[in-house]
file data.pdb (PDB, C-alpha atoms)
ATOM      1  CA  MET A 250      50.467-279.115 -32.262
ATOM      2  CA  GLY A 251      52.795-281.452 -34.203
ATOM      3  CA  ALA A 252      50.665-281.208 -37.344
ATOM      4  CA  GLN A 253      50.594-277.398 -37.150
ATOM      5  CA  LEU A 254      54.373-277.260 -36.773
ATOM      6  CA  ARG A 255      54.800-279.473 -39.846
ATOM      7  CA  VAL A 256      52.558-277.124 -41.832
ATOM      8  CA  TYR A 257      54.683-274.108 -40.871
ATOM      9  CA  LYS A 258      57.921-275.899 -41.748
ATOM     10  CA  ARG A 259      56.528-276.965 -45.113
ATOM     11  CA  ARG A 260      55.481-273.391 -45.903
ATOM     12  CA  ILE A 261      58.894-272.057 -44.854
ATOM     13  CA  ARG A 262      60.612-274.494 -47.239
ATOM     14  CA  SER A 263      58.270-273.475 -50.055
ATOM     15  CA  VAL A 264      58.759-269.735 -49.519
ATOM     16  CA  THR A 265      62.526-270.203 -49.202
ATOM     17  CA  ALA A 266      62.623-271.950 -52.588
ATOM     18  CA  THR A 267      60.558-269.137 -54.105
ATOM     19  CA  LYS A 268      62.909-266.567 -52.596
ATOM     20  CA  LYS A 269      65.898-268.236 -54.251
ATOM     21  CA  ILE A 270      64.149-268.084 -57.630
ATOM     22  CA  THR A 271      63.142-264.416 -57.327
ATOM     23  CA  LYS A 272      66.631-263.490 -56.113
ATOM     24  CA  ALA A 273      68.182-265.207 -59.128
ATOM     25  CA  MET A 274      65.783-263.435 -61.494
ATOM     26  CA  GLU A 275      66.584-260.110 -59.828
ATOM     27  CA  MET A 276      70.310-260.641 -60.378
ATOM     28  CA  ILE A 277      69.800-261.701 -64.007
ATOM     29  CA  ALA A 278      67.674-258.623 -64.737
ATOM     30  CA  ALA A 279      70.231-256.363 -63.045
ATOM     31  CA  SER A 280      73.024-257.790 -65.190
ATOM     32  CA  ARG A 281      71.043-257.248 -68.405
ATOM     33  CA  ILE A 282      70.131-253.642 -67.638
ATOM     34  CA  VAL A 283      73.724-252.464 -68.123
ATOM     35  CA  LYS A 284      73.911-253.941 -71.622
ATOM     36  CA  ALA A 285      70.496-252.528 -72.514
ATOM     37  CA  GLN A 286      71.500-249.058 -71.296
ATOM     38  CA  ARG A 287      74.627-249.133 -73.445
ATOM     39  CA  GLN A 288      72.589-250.104 -76.499
ATOM     40  CA  VAL A 289      70.139-247.261 -75.863
ATOM     41  CA  ALA A 290      72.997-244.770 -75.478
ATOM     42  CA  ALA A 291      74.599-246.037 -78.697
ATOM     43  CA  SER A 292      71.443-245.938 -80.827
ATOM     44  CA  THR A 293      69.938-242.647 -79.664
ATOM     45  CA  PRO A 294      72.446-240.289 -81.388
ATOM     46  CA  TYR A 295      71.977-242.126 -84.702
ATOM     47  CA  ALA A 296      68.183-241.928 -84.462
ATOM     48  CA  THR A 297      68.379-238.237 -83.513
ATOM     49  CA  GLU A 298      70.695-237.270 -86.362
ATOM     50  CA  LEU A 299      68.752-239.326 -88.888
ATOM     51  CA  THR A 300      65.565-237.570 -87.793
ATOM     52  CA  ARG A 301      67.340-234.233 -88.223
ATOM     53  CA  ALA A 302      68.545-235.198 -91.702
ATOM     54  CA  VAL A 303      65.105-236.336 -92.844
ATOM     55  CA  THR A 304      63.567-233.177 -91.404
ATOM     56  CA  ALA A 305      66.109-231.055 -93.261
ATOM     57  CA  VAL A 306      65.289-232.796 -96.525
ATOM     58  CA  ALA A 307      61.573-232.367 -95.936
ATOM     59  CA  THR A 308      61.860-228.656 -95.107
ATOM     60  CA  GLY A 309      64.531-227.895 -97.700
ATOM     61  CA  SER A 310      62.461-229.001-100.649
ATOM     62  CA  THR A 311      59.033-228.280-102.063
ATOM     63  CA  THR A 312      58.386-231.929-102.878
ATOM     64  CA  LYS A 313      55.187-233.353-101.458
ATOM     65  CA  HIS A 314      56.039-236.792-100.204
ATOM     66  CA  PRO A 315      53.415-239.139 -98.732
ATOM     67  CA  LEU A 316      55.567-239.746 -95.657
ATOM     68  CA  THR A 317      56.023-236.056 -94.822
ATOM     69  CA  THR A 318      52.799-234.492 -96.028
ATOM     70  CA  GLU A 319      49.792-234.125 -93.747
ATOM     71  CA  ALA A 320      46.573-235.536 -95.148
ATOM     72  CA  ASP A 321      43.803-232.994 -95.641
ATOM     73  CA  ALA A 322      41.341-235.172 -93.726
ATOM     74  CA  PRO A 323      43.163-238.079 -92.058
ATOM     75  CA  ALA A 324      40.821-241.032 -91.729
ATOM     76  CA  ARG A 325      43.001-243.942 -90.539
ATOM     77  CA  ALA A 326      45.843-244.124 -88.049
ATOM     78  CA  ALA A 327      48.159-247.010 -87.144
ATOM     79  CA  ILE A 328      49.491-247.640 -83.635
ATOM     80  CA  LEU A 329      52.541-249.776 -82.939
ATOM     81  CA  LEU A 330      52.412-251.001 -79.322
ATOM     82  CA  ILE A 331      55.533-252.462 -77.693
ATOM     83  CA  THR A 332      54.998-254.779 -74.708
ATOM     84  CA  SER A 333      56.994-257.700 -73.267
ATOM     85  CA  ASP A 334      57.097-261.383 -74.096
ATOM     86  CA  ARG A 335      57.370-262.441 -70.450
ATOM     87  CA  GLY A 336      55.673-261.475 -67.218
ATOM     88  CA  LEU A 337      57.010-260.973 -63.691
ATOM     89  CA  ALA A 338      57.790-257.341 -64.502
ATOM     90  CA  GLY A 339      55.222-255.565 -62.363
ATOM     91  CA  GLY A 340      52.949-253.217 -64.292
ATOM     92  CA  TYR A 341      55.351-252.762 -67.226
ATOM     93  CA  SER A 342      53.171-254.214 -69.996
ATOM     94  CA  ALA A 343      49.897-253.111 -68.390
ATOM     95  CA  ASN A 344      51.033-249.480 -68.303
ATOM     96  CA  ALA A 345      52.067-249.557 -71.968
ATOM     97  CA  ILE A 346      48.718-251.096 -72.929
ATOM     98  CA  LYS A 347      46.868-248.401 -70.958
ATOM     99  CA  ALA A 348      48.823-245.711 -72.818
ATOM    100  CA  ALA A 349      47.874-247.327 -76.137
ATOM    101  CA  GLU A 350      44.221-247.459 -75.080
ATOM    102  CA  ARG A 351      44.266-243.747 -74.203
ATOM    103  CA  LEU A 352      45.839-242.933 -77.572
ATOM    104  CA  THR A 353      43.269-245.096 -79.334
ATOM    105  CA  GLU A 354      40.396-243.291 -77.649
ATOM    106  CA  ARG A 355      41.901-239.905 -78.527
ATOM    107  CA  LEU A 356      42.352-240.823 -82.196
ATOM    108  CA  ARG A 357      38.842-242.236 -82.384
ATOM    109  CA  GLY A 358      37.578-239.050 -80.796
ATOM    110  CA  GLU A 359      39.170-237.214 -83.731
ATOM    111  CA  GLY A 360      37.140-239.372 -86.109
ATOM    112  CA  LYS A 361      39.973-241.685 -87.182
ATOM    113  CA  GLU A 362      39.853-245.435 -87.604
ATOM    114  CA  VAL A 363      42.648-247.096 -85.604
ATOM    115  CA  VAL A 364      44.724-250.023 -86.872
ATOM    116  CA  THR A 365      46.794-251.755 -84.180
ATOM    117  CA  TYR A 366      50.175-253.467 -84.537
ATOM    118  CA  VAL A 367      51.635-255.219 -81.489
ATOM    119  CA  ILE A 368      55.106-256.337 -80.423
ATOM    120  CA  GLY A 369      55.268-258.731 -77.445
ATOM    121  CA  ARG A 370      53.204-261.695 -76.268
ATOM    122  CA  LYS A 371      51.575-259.727 -73.442
ATOM    123  CA  GLY A 372      50.035-257.249 -75.864
ATOM    124  CA  VAL A 373      48.985-260.009 -78.257
ATOM    125  CA  ALA A 374      47.338-261.906 -75.394
ATOM    126  CA  TYR A 375      45.539-258.756 -74.219
ATOM    127  CA  TYR A 376      43.919-258.086 -77.599
ATOM    128  CA  GLY A 377      43.362-261.773 -78.316
ATOM    129  CA  PHE A 378      41.526-262.334 -75.033
ATOM    130  CA  ARG A 379      39.213-259.431 -75.857
ATOM    131  CA  GLU A 380      38.793-260.647 -79.449
ATOM    132  CA  ARG A 381      40.042-257.358 -80.851
ATOM    133  CA  LYS A 382      41.619-257.353 -84.285
ATOM    134  CA  ILE A 383      45.377-256.893 -84.706
ATOM    135  CA  ALA A 384      46.765-255.994 -88.125
ATOM    136  CA  ASP A 385      50.101-257.713 -87.426
ATOM    137  CA  SER A 386      52.200-258.849 -84.466
ATOM    138  CA  TRP A 387      55.756-259.895 -83.612
ATOM    139  CA  THR A 388      57.011-261.843 -80.597
ATOM    140  CA  GLY A 389      60.109-263.507 -79.207
ATOM    141  CA  PHE A 390      62.649-260.678 -79.047
ATOM    142  CA  THR A 391      61.447-257.970 -76.663
ATOM    143  CA  ASP A 392      64.103-258.551 -73.987
ATOM    144  CA  SER A 393      66.987-258.505 -76.505
ATOM    145  CA  PRO A 394      65.930-256.817 -79.771
ATOM    146  CA  THR A 395      68.128-256.440 -82.836
ATOM    147  CA  TYR A 396      68.012-254.063 -85.779
ATOM    148  CA  ALA A 397      66.732-256.927 -87.939
ATOM    149  CA  ASP A 398      63.709-257.222 -85.629
ATOM    150  CA  ALA A 399      63.014-253.492 -85.988
ATOM    151  CA  LYS A 400      63.365-253.740 -89.771
ATOM    152  CA  ARG A 401      60.943-256.665 -89.879
ATOM    153  CA  ALA A 402      58.345-254.714 -87.886
ATOM    154  CA  ALA A 403      58.872-251.518 -89.904
ATOM    155  CA  ALA A 404      58.236-253.067 -93.332
ATOM    156  CA  PRO A 405      54.419-253.502 -93.122
ATOM    157  CA  LEU A 406      54.081-250.142 -91.370
ATOM    158  CA  ILE A 407      55.891-248.282 -94.144
ATOM    159  CA  GLU A 408      53.822-250.151 -96.714
ATOM    160  CA  ALA A 409      50.615-249.144 -94.929
ATOM    161  CA  VAL A 410      51.649-245.471 -94.867
ATOM    162  CA  THR A 411      52.514-245.411 -98.584
ATOM    163  CA  GLN A 412      49.194-246.982 -99.601
ATOM    164  CA  GLU A 413      45.972-245.112-100.173
ATOM    165  CA  THR A 414      43.459-245.397 -97.345
ATOM    166  CA  ALA A 415      40.938-246.921 -99.759
ATOM    167  CA  GLU A 416      43.403-249.765-100.337
ATOM    168  CA  GLY A 417      43.978-250.388 -96.627
ATOM    169  CA  GLY A 418      46.619-247.737 -96.027
ATOM    170  CA  VAL A 419      46.870-245.289 -93.128
ATOM    171  CA  ASP A 420      47.394-241.538 -92.886
ATOM    172  CA  GLU A 421      49.332-241.530 -89.604
ATOM    173  CA  LEU A 422      51.718-243.818 -87.742
ATOM    174  CA  HIS A 423      52.032-243.663 -83.943
ATOM    175  CA  ILE A 424      54.224-245.659 -81.584
ATOM    176  CA  VAL A 425      53.660-246.522 -77.899
ATOM    177  CA  PHE A 426      56.570-247.798 -75.813
ATOM    178  CA  THR A 427      58.090-247.470 -72.337
ATOM    179  CA  GLU A 428      60.828-244.861 -72.106
ATOM    180  CA  PHE A 429      63.786-245.695 -69.871
ATOM    181  CA  VAL A 430      64.489-242.703 -67.614
ATOM    182  CA  SER A 431      66.411-244.332 -64.760
ATOM    183  CA  MET A 432      66.626-247.574 -62.812
ATOM    184  CA  MET A 433      63.611-246.481 -60.771
ATOM    185  CA  THR A 434      61.606-244.596 -63.410
ATOM    186  CA  GLN A 435      60.194-245.911 -66.683
ATOM    187  CA  ASN A 436      57.408-243.974 -68.365
ATOM    188  CA  PRO A 437      55.026-245.240 -71.062
ATOM    189  CA  VAL A 438      54.993-242.668 -73.882
ATOM    190  CA  ASP A 439      53.363-242.265 -77.256
ATOM    191  CA  GLY A 440      54.545-240.300 -80.256
ATOM    192  CA  ARG A 441      53.755-239.796 -83.894
ATOM    193  CA  MET A 442      56.381-241.096 -86.294
ATOM    194  CA  LEU A 443      54.676-240.296 -89.586
ATOM    195  CA  PRO A 444      53.920-237.905 -91.151
ATOM    196  CA  LEU A 445      57.166-236.423 -89.905
ATOM    197  CA  SER A 446      56.646-233.523 -87.510
ATOM    198  CA  LEU A 447      58.601-230.403 -88.384
ATOM    199  CA  ASP A 448      58.368-228.885 -84.898
ATOM    200  CA  THR A 449      62.031-229.622 -84.167
ATOM    201  CA  THR A 450      63.225-227.635 -87.148
ATOM    202  CA  LYS A 451      60.974-224.731 -86.235
ATOM    203  CA  GLU A 452      62.350-224.721 -82.694
ATOM    204  CA  GLU A 453      65.924-224.638 -84.021
ATOM    205  CA  GLU A 454      65.061-221.776 -86.343
ATOM    206  CA  GLY A 455      63.518-219.929 -83.404
ATOM    207  CA  LYS A 456      66.751-220.301 -81.448
ATOM    208  CA  GLY A 457      68.683-218.611 -84.254
ATOM    209  CA  GLU A 458      70.491-221.736 -85.444
ATOM    210  CA  ILE A 459      71.478-221.554 -89.099
ATOM    211  CA  LEU A 460      70.270-224.659 -90.876
ATOM    212  CA  PRO A 461      72.185-225.970 -93.910
ATOM    213  CA  LEU A 462      70.898-225.737 -97.451
ATOM    214  CA  PHE A 463      70.900-228.889 -99.535
ATOM    215  CA  ASP A 464      71.017-229.799-103.191
ATOM    216  CA  PHE A 465      69.328-233.127-103.815
ATOM    217  CA  GLU A 466      70.557-235.662-106.359
ATOM    218  CA  PRO A 467      68.868-237.161-108.234
ATOM    219  CA  SER A 468      65.826-235.508-106.576
ATOM    220  CA  ALA A 469      64.412-234.674-103.162
ATOM    221  CA  GLU A 470      61.720-237.305-103.600
ATOM    222  CA  ASP A 471      64.300-240.023-104.272
ATOM    223  CA  VAL A 472      66.268-238.934-101.212
ATOM    224  CA  LEU A 473      63.125-239.108 -99.073
ATOM    225  CA  ASP A 474      62.302-242.534-100.500
ATOM    226  CA  ALA A 475      65.728-243.737 -99.354
ATOM    227  CA  LEU A 476      65.889-241.957 -95.991
ATOM    228  CA  LEU A 477      62.423-242.396 -94.563
ATOM    229  CA  PRO A 478      62.438-246.219 -94.287
ATOM    230  CA  ARG A 479      65.733-245.907 -92.396
ATOM    231  CA  TYR A 480      64.127-243.251 -90.233
ATOM    232  CA  VAL A 481      61.191-245.516 -89.307
ATOM    233  CA  GLU A 482      63.479-248.483 -88.664
ATOM    234  CA  SER A 483      65.815-246.449 -86.438
ATOM    235  CA  ARG A 484      62.914-244.997 -84.440
ATOM    236  CA  ILE A 485      61.418-248.445 -83.880
ATOM    237  CA  TYR A 486      64.823-249.911 -82.985
ATOM    238  CA  ASN A 487      65.498-247.154 -80.458
ATOM    239  CA  ALA A 488      62.000-247.651 -78.982
ATOM    240  CA  LEU A 489      62.628-251.419 -78.723
ATOM    241  CA  LEU A 490      65.904-250.811 -76.883
ATOM    242  CA  GLN A 491      64.262-248.313 -74.538
ATOM    243  CA  ALA A 492      61.463-250.801 -73.889
ATOM    244  CA  ALA A 493      63.942-253.645 -73.255
ATOM    245  CA  ALA A 494      65.879-251.565 -70.714
ATOM    246  CA  SER A 495      62.599-250.576 -69.064
ATOM    247  CA  GLU A 496      61.448-254.203 -68.967
ATOM    248  CA  HIS A 497      64.650-255.362 -67.255
ATOM    249  CA  ALA A 498      64.478-252.497 -64.746
ATOM    250  CA  ALA A 499      60.809-253.221 -63.997
ATOM    251  CA  ARG A 500      61.503-256.937 -63.597
ATOM    252  CA  ARG A 501      64.452-256.263 -61.302
ATOM    253  CA  ARG A 502      62.312-253.998 -59.136
ATOM    254  CA  ALA A 503      59.439-256.501 -59.059
ATOM    255  CA  MET A 504      61.730-259.416 -58.195
ATOM    256  CA  LYS A 505      63.468-257.412 -55.465
ATOM    257  CA  SER A 506      60.095-256.620 -53.949
ATOM    258  CA  ALA A 507      59.106-260.291 -54.173
ATOM    259  CA  THR A 508      62.389-261.347 -52.555
ATOM    260  CA  ASP A 509      61.932-258.868 -49.709
ATOM    261  CA  ASN A 510      58.342-259.995 -49.189
ATOM    262  CA  ALA A 511      59.459-263.638 -49.132
ATOM    263  CA  GLY A 512      62.050-262.779 -46.488
ATOM    264  CA  ASP A 513      59.420-261.047 -44.350
ATOM    265  CA  LEU A 514      57.063-264.015 -44.760
ATOM    266  CA  ILE A 515      59.808-266.448 -43.732
ATOM    267  CA  LYS A 516      60.445-264.416 -40.570
ATOM    268  CA  SER A 517      56.728-264.373 -39.758
ATOM    269  CA  LEU A 518      56.364-268.109 -40.365
ATOM    270  CA  SER A 519      59.490-268.803 -38.293
ATOM    271  CA  ARG A 520      58.003-266.925 -35.349
ATOM    272  CA  LEU A 521      54.761-268.891 -35.689
ATOM    273  CA  ALA A 522      56.701-272.146 -35.947
ATOM    274  CA  ASN A 523      58.732-271.287 -32.837
ATOM    275  CA  ALA A 524      55.558-270.441 -30.954
ATOM    276  CA  ALA A 525      53.979-273.723 -32.051
ATOM    277  CA  ARG A 526      57.080-275.668 -31.020
ATOM    278  CA  GLN A 527      57.172-273.930 -27.630
ATOM    279  CA  ALA A 528      53.473-274.671 -27.126
ATOM    280  CA  GLU A 529      54.109-278.301 -28.061
ATOM    281  CA  ILE A 530      57.013-278.566 -25.603
ATOM    282  CA  THR A 531      54.946-276.910 -22.867
ATOM    283  CA  GLN A 532      52.090-279.322 -23.515
ATOM    284  CA  GLU A 533      54.434-282.311 -23.392
ATOM    285  CA  ILE A 534      55.953-281.106 -20.092
ATOM    286  CA  SER A 535      52.466-280.590 -18.679
ATOM    287  CA  GLU A 536      51.473-284.097 -19.755
ATOM    288  CA  ILE A 537      54.635-285.573 -18.199
ATOM    289  CA  VAL A 538      54.103-283.656 -14.936
ATOM    290  CA  GLY A 539      50.445-284.625 -14.893
ATOM    291  CA  GLY A 540      51.288-288.271 -15.563
ATOM    292  CA  ALA A 541      53.963-288.308 -12.832
ATOM    293  CA  SER A 542      51.546-286.706 -10.399
ATOM    294  CA  ALA A 543      48.829-289.244 -11.225
ATOM    295  CA  LEU A 544      51.320-292.084 -10.859
ATOM    296  CA  ALA A 545      52.466-290.718  -7.488
ATOM    297  CA  ASP A 546      48.869-290.447  -6.286
ATOM    298  CA  ALA A 547      48.163-293.991  -7.425
ATOM    299  CA  THR A 548      51.265-295.310  -5.678
ATOM    300  CA  ALA A 549      50.374-293.486  -2.471
ATOM    301  CA  GLY A 550      46.847-294.927  -2.552
ATOM    302  CA  SER A 551      48.105-298.499  -2.980
ATOM    303  CA  ASP A 552      50.483-298.112  -0.005
ATOM    304  CA  LYS A 553      47.531-297.314   2.225
TER
END
call {"tool": "encode", "arguments": {"input": "data.pdb", "output": "structure tokens"}}
result
Amino acid sequence: MGAQLRVYKRRIRSVTATKKITKAMEMIAASRIVKAQRQVAASTPYATELTRAVTAVATGSTTKHPLTTEADAPARAAILLITSDRGLAGGYSANAIKAAERLTERLRGEGKEVVTYVIGRKGVAYYGFRERKIADSWTGFTDSPTYADAKRAAAPLIEAVTQETAEGGVDELHIVFTEFVSMMTQNPVDGRMLPLSLDTTKEEEGKGEILPLFDFEPSAEDVLDALLPRYVESRIYNALLQAAASEHAARRRAMKSATDNAGDLIKSLSRLANAARQAEITQEISEIVGGASALADATAGSDK
């Protein structure tokens, strides 16, 4: 019984140490969510208005620009997948990867070759383990991204879109990330960044909103050349911030669940340890009573 009791006590100490770690990680993630939410709220209006401005330029001119014009027969599409650098966040990265896989299958079903770009070590490890080619990857900033990180990731994507497909370019650019809805809800989503969709402008026209007319200097094409890289960078930056907030929320939820499970396990092990200690005490009492009884019988026999 003594050995069994020592095993239970050792396991209780181990689980207690784990509980302290998961509790600390839960508190750290909770503290970072607030900052991430503020960054998302601050960047979203800029990304929305920039998208509106680029859309207005695209619809207000007759210029055919490679970043706003649909290809007659699109043959190649690029996907930018945003995952996390670290684990212990539940199914956060796995869900984003699954969304990218579904998008890949859909694009391939349309007869398009898919080129994959990945942000985050989890995504890089996923494709590397399966020996699947990645056009480019970036790591080390998913939990606290900056605009410089978004700009660095946007550069090769913009270059790929502006190139001819025969030279390694792509006709479409898609992005897959985890949208932050609330502390309890984060949804992996995919969307097409380029060519720019004009559905928003059509919806506004349908609602009766009067859209402004623009004169472009020096030309509409020059304006698009200047605006569209900023548009891609802002969309990627906003997606990175949404993904970071989602990662912190997912990690907080996962660590809270781990902490609660550790607490339940400690209670269960404590009950088992108490039962083992009680059994040990009962056995010792029985041995003492048995020994006293045997000694009394021996003494009584010698007196005869």
call {"tool": "resolve_selection", "arguments": {"input": "data.pdb", "expression": "the PyMOL selection byres ((chain A and resi 510-522) around 6)", "output": "list in words"}}
result
Leu254, Tyr257, Ile261, Lys268, Ala507, Thr508, Asp509, Asn523, Ala524 and Ala525 of chain A
call {"tool": "write_last_selection", "arguments": {"input": "data.pdb", "atoms": "C-alpha atoms", "output": "CSV table (one decimal), in the frame of the given file"}}
result
chain,number,residue,atom,x,y,z
A,254,LEU,CA,54.4,-277.3,-36.8
A,257,TYR,CA,54.7,-274.1,-40.9
A,261,ILE,CA,58.9,-272.1,-44.9
A,268,LYS,CA,62.9,-266.6,-52.6
A,507,ALA,CA,59.1,-260.3,-54.2
A,508,THR,CA,62.4,-261.3,-52.6
A,509,ASP,CA,61.9,-258.9,-49.7
A,523,ASN,CA,58.7,-271.3,-32.8
A,524,ALA,CA,55.6,-270.4,-31.0
A,525,ALA,CA,54.0,-273.7,-32.1
call {"tool": "resolve_selection", "arguments": {"input": "data.pdb", "expression": "the PyMOL selection byres ((chain A and resi 337) around 8)", "output": "list in words"}}
result
Arg335, Gly336, Ala338, Gly339, Arg500, Ala503 and Met504 of chain A
call {"tool": "write_last_selection", "arguments": {"input": "data.pdb", "atoms": "C-alpha atoms", "output": "mmCIF file, in the frame of the given file"}}
result
data_model
loop_
_atom_site.group_PDB
_atom_site.id
_atom_site.type_symbol
_atom_site.label_atom_id
_atom_site.label_comp_id
_atom_site.auth_asym_id
_atom_site.auth_seq_id
_atom_site.Cartn_x
_atom_site.Cartn_y
_atom_site.Cartn_z
ATOM 1 C CA ARG A 335 57.370 -262.441 -70.450
ATOM 2 C CA GLY A 336 55.673 -261.475 -67.218
ATOM 3 C CA ALA A 338 57.790 -257.341 -64.502
ATOM 4 C CA GLY A 339 55.222 -255.565 -62.363
ATOM 5 C CA ARG A 500 61.503 -256.937 -63.597
ATOM 6 C CA ALA A 503 59.439 -256.501 -59.059
ATOM 7 C CA MET A 504 61.730 -259.416 -58.195
#
call {"tool": "resolve_selection", "arguments": {"input": "data.pdb", "expression": "the PyMOL selection byres ((chain A and resi 401) around 12)", "output": "list in words"}}
result
Ile368, Asp385, Ser386, Trp387, Thr388, Phe390, Pro394, Thr395, Tyr396, Ala397, Asp398, Ala399, Lys400, Ala402, Ala403, Ala404, Pro405, Leu406, Ile407, Glu408, Pro478, Val481, Glu482, Ser483, Ile485 and Tyr486 of chain A
call {"tool": "closest_residue", "arguments": {"input": "data.pdb", "among": "A:Thr414, A:His423, A:Phe378, A:Asp321", "to": "Thr365 in chain A", "atoms": "all atoms listed in the file"}}
result
A:His423
call {"tool": "closest_residue", "arguments": {"input": "data.pdb", "among": "A:Arg357, A:Lys313, A:Arg281, A:Arg526", "to": "Arg325 in chain A", "atoms": "only C-alpha atoms"}}
result
A:Arg357
